[in-house]
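Asks: Just passing along the structure, written as structure tokens.
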Amino acid sequence: MRSNNTFHSEVLQPFFFASEKYADSNAFCINEVFYSYKQLGETISAIRASVKELRADNINVGLVANDDLETYAAIIALWLEGKCYVPVNPETPAERNRNVLTQAAASVVIDSSDEVLFPELNVIRSKELVFTKLDLEPVQVEDDALAYIFFTSGTTGVPKGVPISRTNLAGFIKAFFELGITMDPSDKCLQMFELTFDLSVMSYLAPLLRGACVYTIPKNKIKFNYIADLLEQHNLTVALMVPSIIHYLRPYFDEIDCASMKFSLFCGEALPLDVTSEWAACVPNAKIMNVYGPTEDTIFCTHYTYSRAGENKASNGLMSIGKAMNGTFTIIINDKKEMVNAGEKGELCLGGVQLTPGYWMNDEKNKEAFFYTNYKGESTRFYKTGDLCLADEEGDIMYLGRIDSQIKVQGFRVELSEIEFFAKEFLNKVNAVAIAFTNKLHNTEIGMVIESTDFDTKPLLEYMKTKMPGYMIPTQMRFINSFPLNTNGKIDRKVLKEKF
Amino acid sequence: MNRSLVTEKLTAIFRTVFNDEGIELRDDLTANEVANWDSLTHMLMIGEVEKEFSIKFKLKELGKLEDVKSLIDLIEHKMNS
């Protein structure tokens with residue numbers, strides 16, 4: 001392992017180099033305040049001193065995901081000490097956050113809030129630490145140690161942990177820069193994601209490895225408005241966004257002219273070709289890329305570049321997700337786990353350097369989601385994405401839809417069955433179905449149909465808000481006397497969808 | 001249209017879009033205080049306001065909105081120009 005320590009060479013060493021060489025350049029712009037690499041390095045060093053005092057078995061450390069320098073610095077400080085971060089969003093219900101921290105056995109939490117969120121745990125209050133000495137040399141840690149664990153929506157009301165190793169993350173970073181994406185200290189890069197969402201990792205980490213500046217979004221701002229302001233006032237050069245942002249901005253495209261944009265990436269949801277073509281005029285000099293991947297395969301792992309002049313591959317108006325990045329293998333299988341031919345539909349499966357070691361402490365899910373198969377003569381581990389896809393003769397993959405009831409809301413993965421689980425828990429024997437529908441802005445919204453006569457749904461919604469993050473709460477409620485059934489005797493969700 | 005009529009119409013839009021019949025508008029009311037006021041509902045609310053008052057906002061104008069007062073000011077400004 002040590003002879004091939006890629007996290008050191010791909011992540012820690014480049015950061016160390018950037019922080020020394022570009023000490024006076026800006027590392028972050030947070031809420032209109034700039035922070036230099038020197039300030040970042042000092043904040044990391046201060047937090048690291050506290051991390052060093054932790055017991056050796058405090059490996060997974062909770063991180064309260066605030067929008068400030070201390071929170072980002074804590075991630076690097078933990079990595080320098082070989083530890084793993086488990087982010088929790090302060091806006092998420094406390095009960096859910098406690099479940100996540102307990103599952104990850106994180107008894108220490110780094111918190112930059114004025115009032116600590118988890119007083120029962122051992123808390124490192126990162127805002128109160130004092131810098132004494134610069135300390136950014138990494139310790140030697142095996143590459144199979146974990147870099148982070150992110151928790152996503154599970155089907156039964158319990159969040160599911162996806163651990164990503166240092167090998168996985170280093171593999172991503174290497175493949176990311178091999179896409180031809182360049183950054184240097186003149187670059188200004190958008191970081192629009194909550195830190196509990198893994199697209200944030202690319203958005204803050206890649207720029208920091210090249211001396212570029214990361215622009216974050218304050219939590220109390222309307223995101224797409226703030227992004228439009230950043231594009232206009234700060235001339236951003238790199239942006240990874242979820243497609244819902246350009247759906248929001250679409251009515252105002254004629255006002256956007258961001259000539260500075262060099263790389264405009266989209267991920268997290270299907271990307272319609274028509275809105276992309278219109279967006280291309282807003283970022284006339286940018287290379288536009290559609291990237292794809294689940295958290296299980298580290299941030300994203302396939303890519304397709306939009307062609308301004310020629311044809312673009314699409315299916316049902318959705319742009320192709322392209323081909324695997326370096327180090328990733330993609331196969332499409334039928335329900336017998338046999339690989340299908342070009343042009344045939346099947347489930348997309350992913351393998352290679354970015355693939356998670358498996359769900360956190362969840363043998364049952366691991367048996368369902370991961371399998372070994374012969375790939376190019378070797379027994380290789382693959383992850384079943386649940387995404388229905390086909391690959392054309394040239395190997396470009398088209399996304400066709402989901403196999404199960406998982407949906408994406410503003411890029412967040414949501415299991416509709418988890419929403420139904422909590423609704424039914426409250427409703428007590430009254431049946432409820434969660435439905436994803438497309439609203440008039442072309443974004444996904446969650447509706448709920450309840451098998452009952454009308455009643456005031458406020459208490460139900462209040463209950464669900466104590467159990468799930470805001471993006472999982474239904475925005476529209478409908479009632480029906482009895483659910484329609486399809487020919488298989490199951491609730492006919494297609495009919496219910498027409499109510500929205 | 002006077003300010004109180006604008007406020008009255010805006011209140012109705014807020015109650016529908018943010019799905020809360022109890023919302024009372026104040027000058028310093030912001031998104032932080034309204035449970036369902038996020039990017040999605042913000043955009044829906046802006047769409048309803050444009051329709052109700054027959055106006056069309058610019059992206060730059062929306063970016064400057066801080067609270068209900070600035071929204072009402074903007075609506076009045078657009079209607080008189």
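Letters for chains follow the order of the structure tokens (A, B, ...), residue numbers begin at 1 for each chain, and ligand numbers begin at 1 in the order shown.
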So that I can check the surroundings of range 13-28 of chain B, please list as a ChimeraX atom specification every protein, DNA and RNA residue that reaches within 9 Å of it, counting only C-alpha atoms and ignoring chain neighbours fewer than 2 positions away.

Replies: /A:458,475-476 /B:7-11,30,34-37,41-42,44-45,48-49,52,66-70,72

Asks: Store the residues of this selection in a file with C-alpha atoms, as a PDB file, in the first residue's frame.

Replies:
```
ATOM      1  CA  LYS A 458     -50.247  20.520   8.928  1.00  0.00           C
ATOM      2  CA  THR A 475     -44.906  20.249  -1.264  1.00  0.00           C
ATOM      3  CA  GLN A 476     -48.407  19.270  -2.469  1.00  0.00           C
TER       4      GLN A 476
ATOM      5  CA  THR B   7     -49.805  44.059   0.242  1.00  0.00           C
ATOM      6  CA  GLU B   8     -53.229  42.443   0.285  1.00  0.00           C
ATOM      7  CA  LYS B   9     -52.708  40.741  -3.073  1.00  0.00           C
ATOM      8  CA  LEU B  10     -49.206  39.719  -2.118  1.00  0.00           C
ATOM      9  CA  THR B  11     -50.462  38.194   1.129  1.00  0.00           C
ATOM     10  CA  THR B  30     -37.559  37.252   5.161  1.00  0.00           C
ATOM     11  CA  VAL B  34     -41.249  31.197   6.412  1.00  0.00           C
ATOM     12  CA  ALA B  35     -41.031  27.412   6.580  1.00  0.00           C
ATOM     13  CA  ASN B  36     -41.625  26.638   2.911  1.00  0.00           C
ATOM     14  CA  TRP B  37     -39.761  29.581   1.391  1.00  0.00           C
ATOM     15  CA  THR B  41     -41.281  28.194  -3.879  1.00  0.00           C
ATOM     16  CA  HIS B  42     -39.444  31.503  -4.305  1.00  0.00           C
ATOM     17  CA  LEU B  44     -43.173  29.978  -7.987  1.00  0.00           C
ATOM     18  CA  MET B  45     -44.007  33.028  -5.863  1.00  0.00           C
ATOM     19  CA  GLU B  48     -47.398  34.416  -9.421  1.00  0.00           C
ATOM     20  CA  VAL B  49     -46.432  38.000  -8.586  1.00  0.00           C
ATOM     21  CA  GLU B  52     -50.939  39.130 -10.731  1.00  0.00           C
ATOM     22  CA  GLU B  66     -33.819  41.290   0.932  1.00  0.00           C
ATOM     23  CA  ASP B  67     -37.241  41.184   2.549  1.00  0.00           C
ATOM     24  CA  VAL B  68     -40.929  41.809   1.914  1.00  0.00           C
ATOM     25  CA  LYS B  69     -40.432  45.578   1.937  1.00  0.00           C
ATOM     26  CA  SER B  70     -37.925  45.412  -0.912  1.00  0.00           C
ATOM     27  CA  ILE B  72     -43.236  45.546  -2.437  1.00  0.00           C
TER      28      ILE B  72
END
```

Asks: Residues of chain A no more than 6 Å from chain B, counting only C-alpha atoms: send them over as a PyMOL selection string.

Replies: chain A and resi 222+225+252

Asks: Rounded to one decimal place, report the CA of Ile491 in chain A-CA of Glu462 in chain A distance in Å.

Replies: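 Between CA of Ile491 in chain A and CA of Glu462 in chain A the gap works out to 26.0 Å.
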
Asks: In Å, how far is it from CA of Arg402 in chain A to CA of Asp387 in chain A?

Replies: 4.7 Å

Asks: Please list as an NGL selection string every residue within 7 Å of Ala423 in chain A, counting only C-alpha atoms and excluding residues in the same chain fewer than 4 positions away.

Replies: :A and (419 or 427 or 432 or 460 or 464)

Asks: Would you mind reading off the distance between CA of Ile288 in chain A and CA of Thr302 in chain A, one decimal, in Å?

Replies: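 Taking CA of Ile288 in chain A as the start and CA of Thr302 in chain A as the end point, the length is 13.9 Å.
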
Asks: When DSSP is applied to the backbone of this structure, which of chain B are assigned alpha helix (DSSP H)? Write them out as a PyMOL selection string.

Replies: chain B and resi 3-17+39-53+59-63+68-79

Asks: Those residues you just picked out, can you put them in a file as a short mmCIF file (atom, residue, chain, number, x, y, z; two decimals), in the first residue's frame with C-alpha atoms?

Replies:
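Done, and the output landed in result-v7.cif:
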```cif
data_model
loop_
_atom_site.label_atom_id
_atom_site.label_comp_id
_atom_site.auth_asym_id
_atom_site.auth_seq_id
_atom_site.Cartn_x
_atom_site.Cartn_y
_atom_site.Cartn_z
CA ARG B 3 -49.52 49.99 -1.20
CA SER B 4 -52.12 48.36 1.00
CA LEU B 5 -53.81 46.77 -2.01
CA VAL B 6 -50.42 45.49 -3.23
CA THR B 7 -49.80 44.06 0.24
CA GLU B 8 -53.23 42.44 0.28
CA LYS B 9 -52.71 40.74 -3.07
CA LEU B 10 -49.21 39.72 -2.12
CA THR B 11 -50.46 38.19 1.13
CA ALA B 12 -52.86 35.99 -0.81
CA ILE B 13 -50.03 34.82 -3.08
CA PHE B 14 -47.76 34.08 -0.11
CA ARG B 15 -50.47 32.09 1.65
CA THR B 16 -51.07 29.93 -1.41
CA VAL B 17 -47.48 29.43 -2.55
CA SER B 39 -35.52 28.26 -4.13
CA LEU B 40 -38.44 26.36 -5.62
CA THR B 41 -41.28 28.19 -3.88
CA HIS B 42 -39.44 31.50 -4.31
CA MET B 43 -39.51 31.02 -8.06
CA LEU B 44 -43.17 29.98 -7.99
CA MET B 45 -44.01 33.03 -5.86
CA ILE B 46 -42.13 35.34 -8.26
CA GLY B 47 -44.07 33.80 -11.16
CA GLU B 48 -47.40 34.42 -9.42
CA VAL B 49 -46.43 38.00 -8.59
CA GLU B 50 -45.48 38.68 -12.21
CA LYS B 51 -48.83 37.32 -13.35
CA GLU B 52 -50.94 39.13 -10.73
CA PHE B 53 -49.37 42.54 -11.30
CA LEU B 59 -32.70 38.70 -12.67
CA LYS B 60 -30.62 41.54 -11.21
CA GLU B 61 -33.68 42.97 -9.49
CA LEU B 62 -34.49 39.61 -7.93
CA GLY B 63 -30.94 39.32 -6.65
CA VAL B 68 -40.93 41.81 1.91
CA LYS B 69 -40.43 45.58 1.94
CA SER B 70 -37.93 45.41 -0.91
CA LEU B 71 -40.30 43.15 -2.84
CA ILE B 72 -43.24 45.55 -2.44
CA ASP B 73 -40.99 48.50 -3.37
CA LEU B 74 -39.91 46.65 -6.49
CA ILE B 75 -43.49 45.76 -7.48
CA GLU B 76 -44.55 49.40 -7.10
CA HIS B 77 -41.52 50.59 -9.04
CA LYS B 78 -42.22 48.15 -11.90
CA MET B 79 -45.89 49.06 -12.06
#
```

Asks: Within 8 Å of range 22-25 of chain A, counting only C-alpha atoms, which residues show up once you throw out same-chain ones fewer than 5 positions away? Write them as a PDB file with C-alpha atoms, in the first residue's frame, please.

Replies:
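Okay, out_3.pdb is ready:
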```pdb
ATOM      1  CA  SER A  36      -6.083  33.576   1.624  1.00  0.00           C
ATOM      2  CA  TYR A  37      -4.288  30.235   1.478  1.00  0.00           C
ATOM      3  CA  LYS A  38      -2.190  31.530   4.367  1.00  0.00           C
ATOM      4  CA  PRO A 185      -4.645  30.685  -8.995  1.00  0.00           C
ATOM      5  CA  GLY A 211      -4.346  27.394  -5.828  1.00  0.00           C
ATOM      6  CA  ALA A 212      -7.734  28.530  -7.172  1.00  0.00           C
ATOM      7  CA  CYS A 213     -10.485  30.317  -5.193  1.00  0.00           C
TER       8      CYS A 213
END
```

Asks: Pick from A:Ala280, A:Leu390, A:Met183, A:Val116: nearest to Leu208 in chain A, with only C-alpha atoms counted?

Replies: A:Met183

Asks: Using only C-alpha atoms, can you tell me which of A:Val340, A:Ile435, A:Ala46, A:Val11 comes closest to Val130 in chain A?

Replies: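 Looking at the shortest contact to Val130 in chain A, the residue is A:Ala46.
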
Asks: With only C-alpha atoms as the counted atoms, please give the residues lying no more than 8 Å from Gly447 in chain A, apart from itself and same-chain residues fewer than 6 positions off, as a PyMOL selection string.

Replies: chain A and resi 434-437+474-478+500

Asks: Could you pull the residues within 10 Å of Gly327 in chain A, counting only C-alpha atoms, minus those fewer than 2 positions along the same chain, as an MDAnalysis selection string?

Replies: chainID A and resid 171:172 174:175 301 324:325 329 351:355

Asks: Save the residues we just selected, C-alpha atoms, as a JSON list (two decimals), in the first residue's frame?

Replies:
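Contents of part.json, as written:
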```json
[["chain", "number", "residue", "atom", "x", "y", "z"],
["A", 171, "GLY", "CA", -8.72, 7.96, -7.94],
["A", 172, "PHE", "CA", -11.47, 10.52, -8.53],
["A", 174, "LYS", "CA", -6.67, 11.92, -10.77],
["A", 175, "ALA", "CA", -9.40, 11.03, -13.27],
["A", 301, "CYS", "CA", -17.43, 8.72, -12.85],
["A", 324, "ALA", "CA", -16.32, 6.10, -17.99],
["A", 325, "MET", "CA", -13.60, 8.34, -16.58],
["A", 329, "PHE", "CA", -15.45, 0.42, -15.58],
["A", 351, "GLY", "CA", -16.58, -0.78, -10.92],
["A", 352, "GLY", "CA", -13.01, 0.41, -10.56],
["A", 353, "VAL", "CA", -10.84, 2.62, -8.41],
["A", 354, "GLN", "CA", -13.62, 4.96, -7.24],
["A", 355, "LEU", "CA", -15.96, 2.24, -5.99]]
```

Asks: Do a neighbour search on Glu418 in chain A at 7 Å with only C-alpha atoms, toss out local chain neighbours closer than 6 positions, and write the hits as a compact mmCIF listing (two decimals) with N, CA and C atoms, in the first residue's frame.

Replies:
```txt
# COMPACT_ATOMS: atom_id res chain seq x y z
N GLY A 154 -32.38 6.19 2.94
CA GLY A 154 -32.57 4.75 2.88
C GLY A 154 -34.04 4.43 2.70
N THR A 155 -34.36 3.20 2.35
CA THR A 155 -35.76 2.88 2.05
C THR A 155 -36.61 2.70 3.29
N THR A 156 -35.99 2.49 4.45
CA THR A 156 -36.77 2.14 5.64
C THR A 156 -36.68 3.18 6.76
N GLY A 157 -36.38 4.41 6.40
CA GLY A 157 -36.36 5.45 7.42
C GLY A 157 -35.03 5.58 8.14
```

Asks: Based on DSSP run over this structure's backbone, return all residues of range 220-377 of chain A in strand (DSSP E), as a VMD selection string.

Replies: chain A and resid 238 to 241 263 to 266 287 to 292 302 to 305 314 to 315 318 to 319 323 to 324 328 to 333 346 to 352 370 to 375
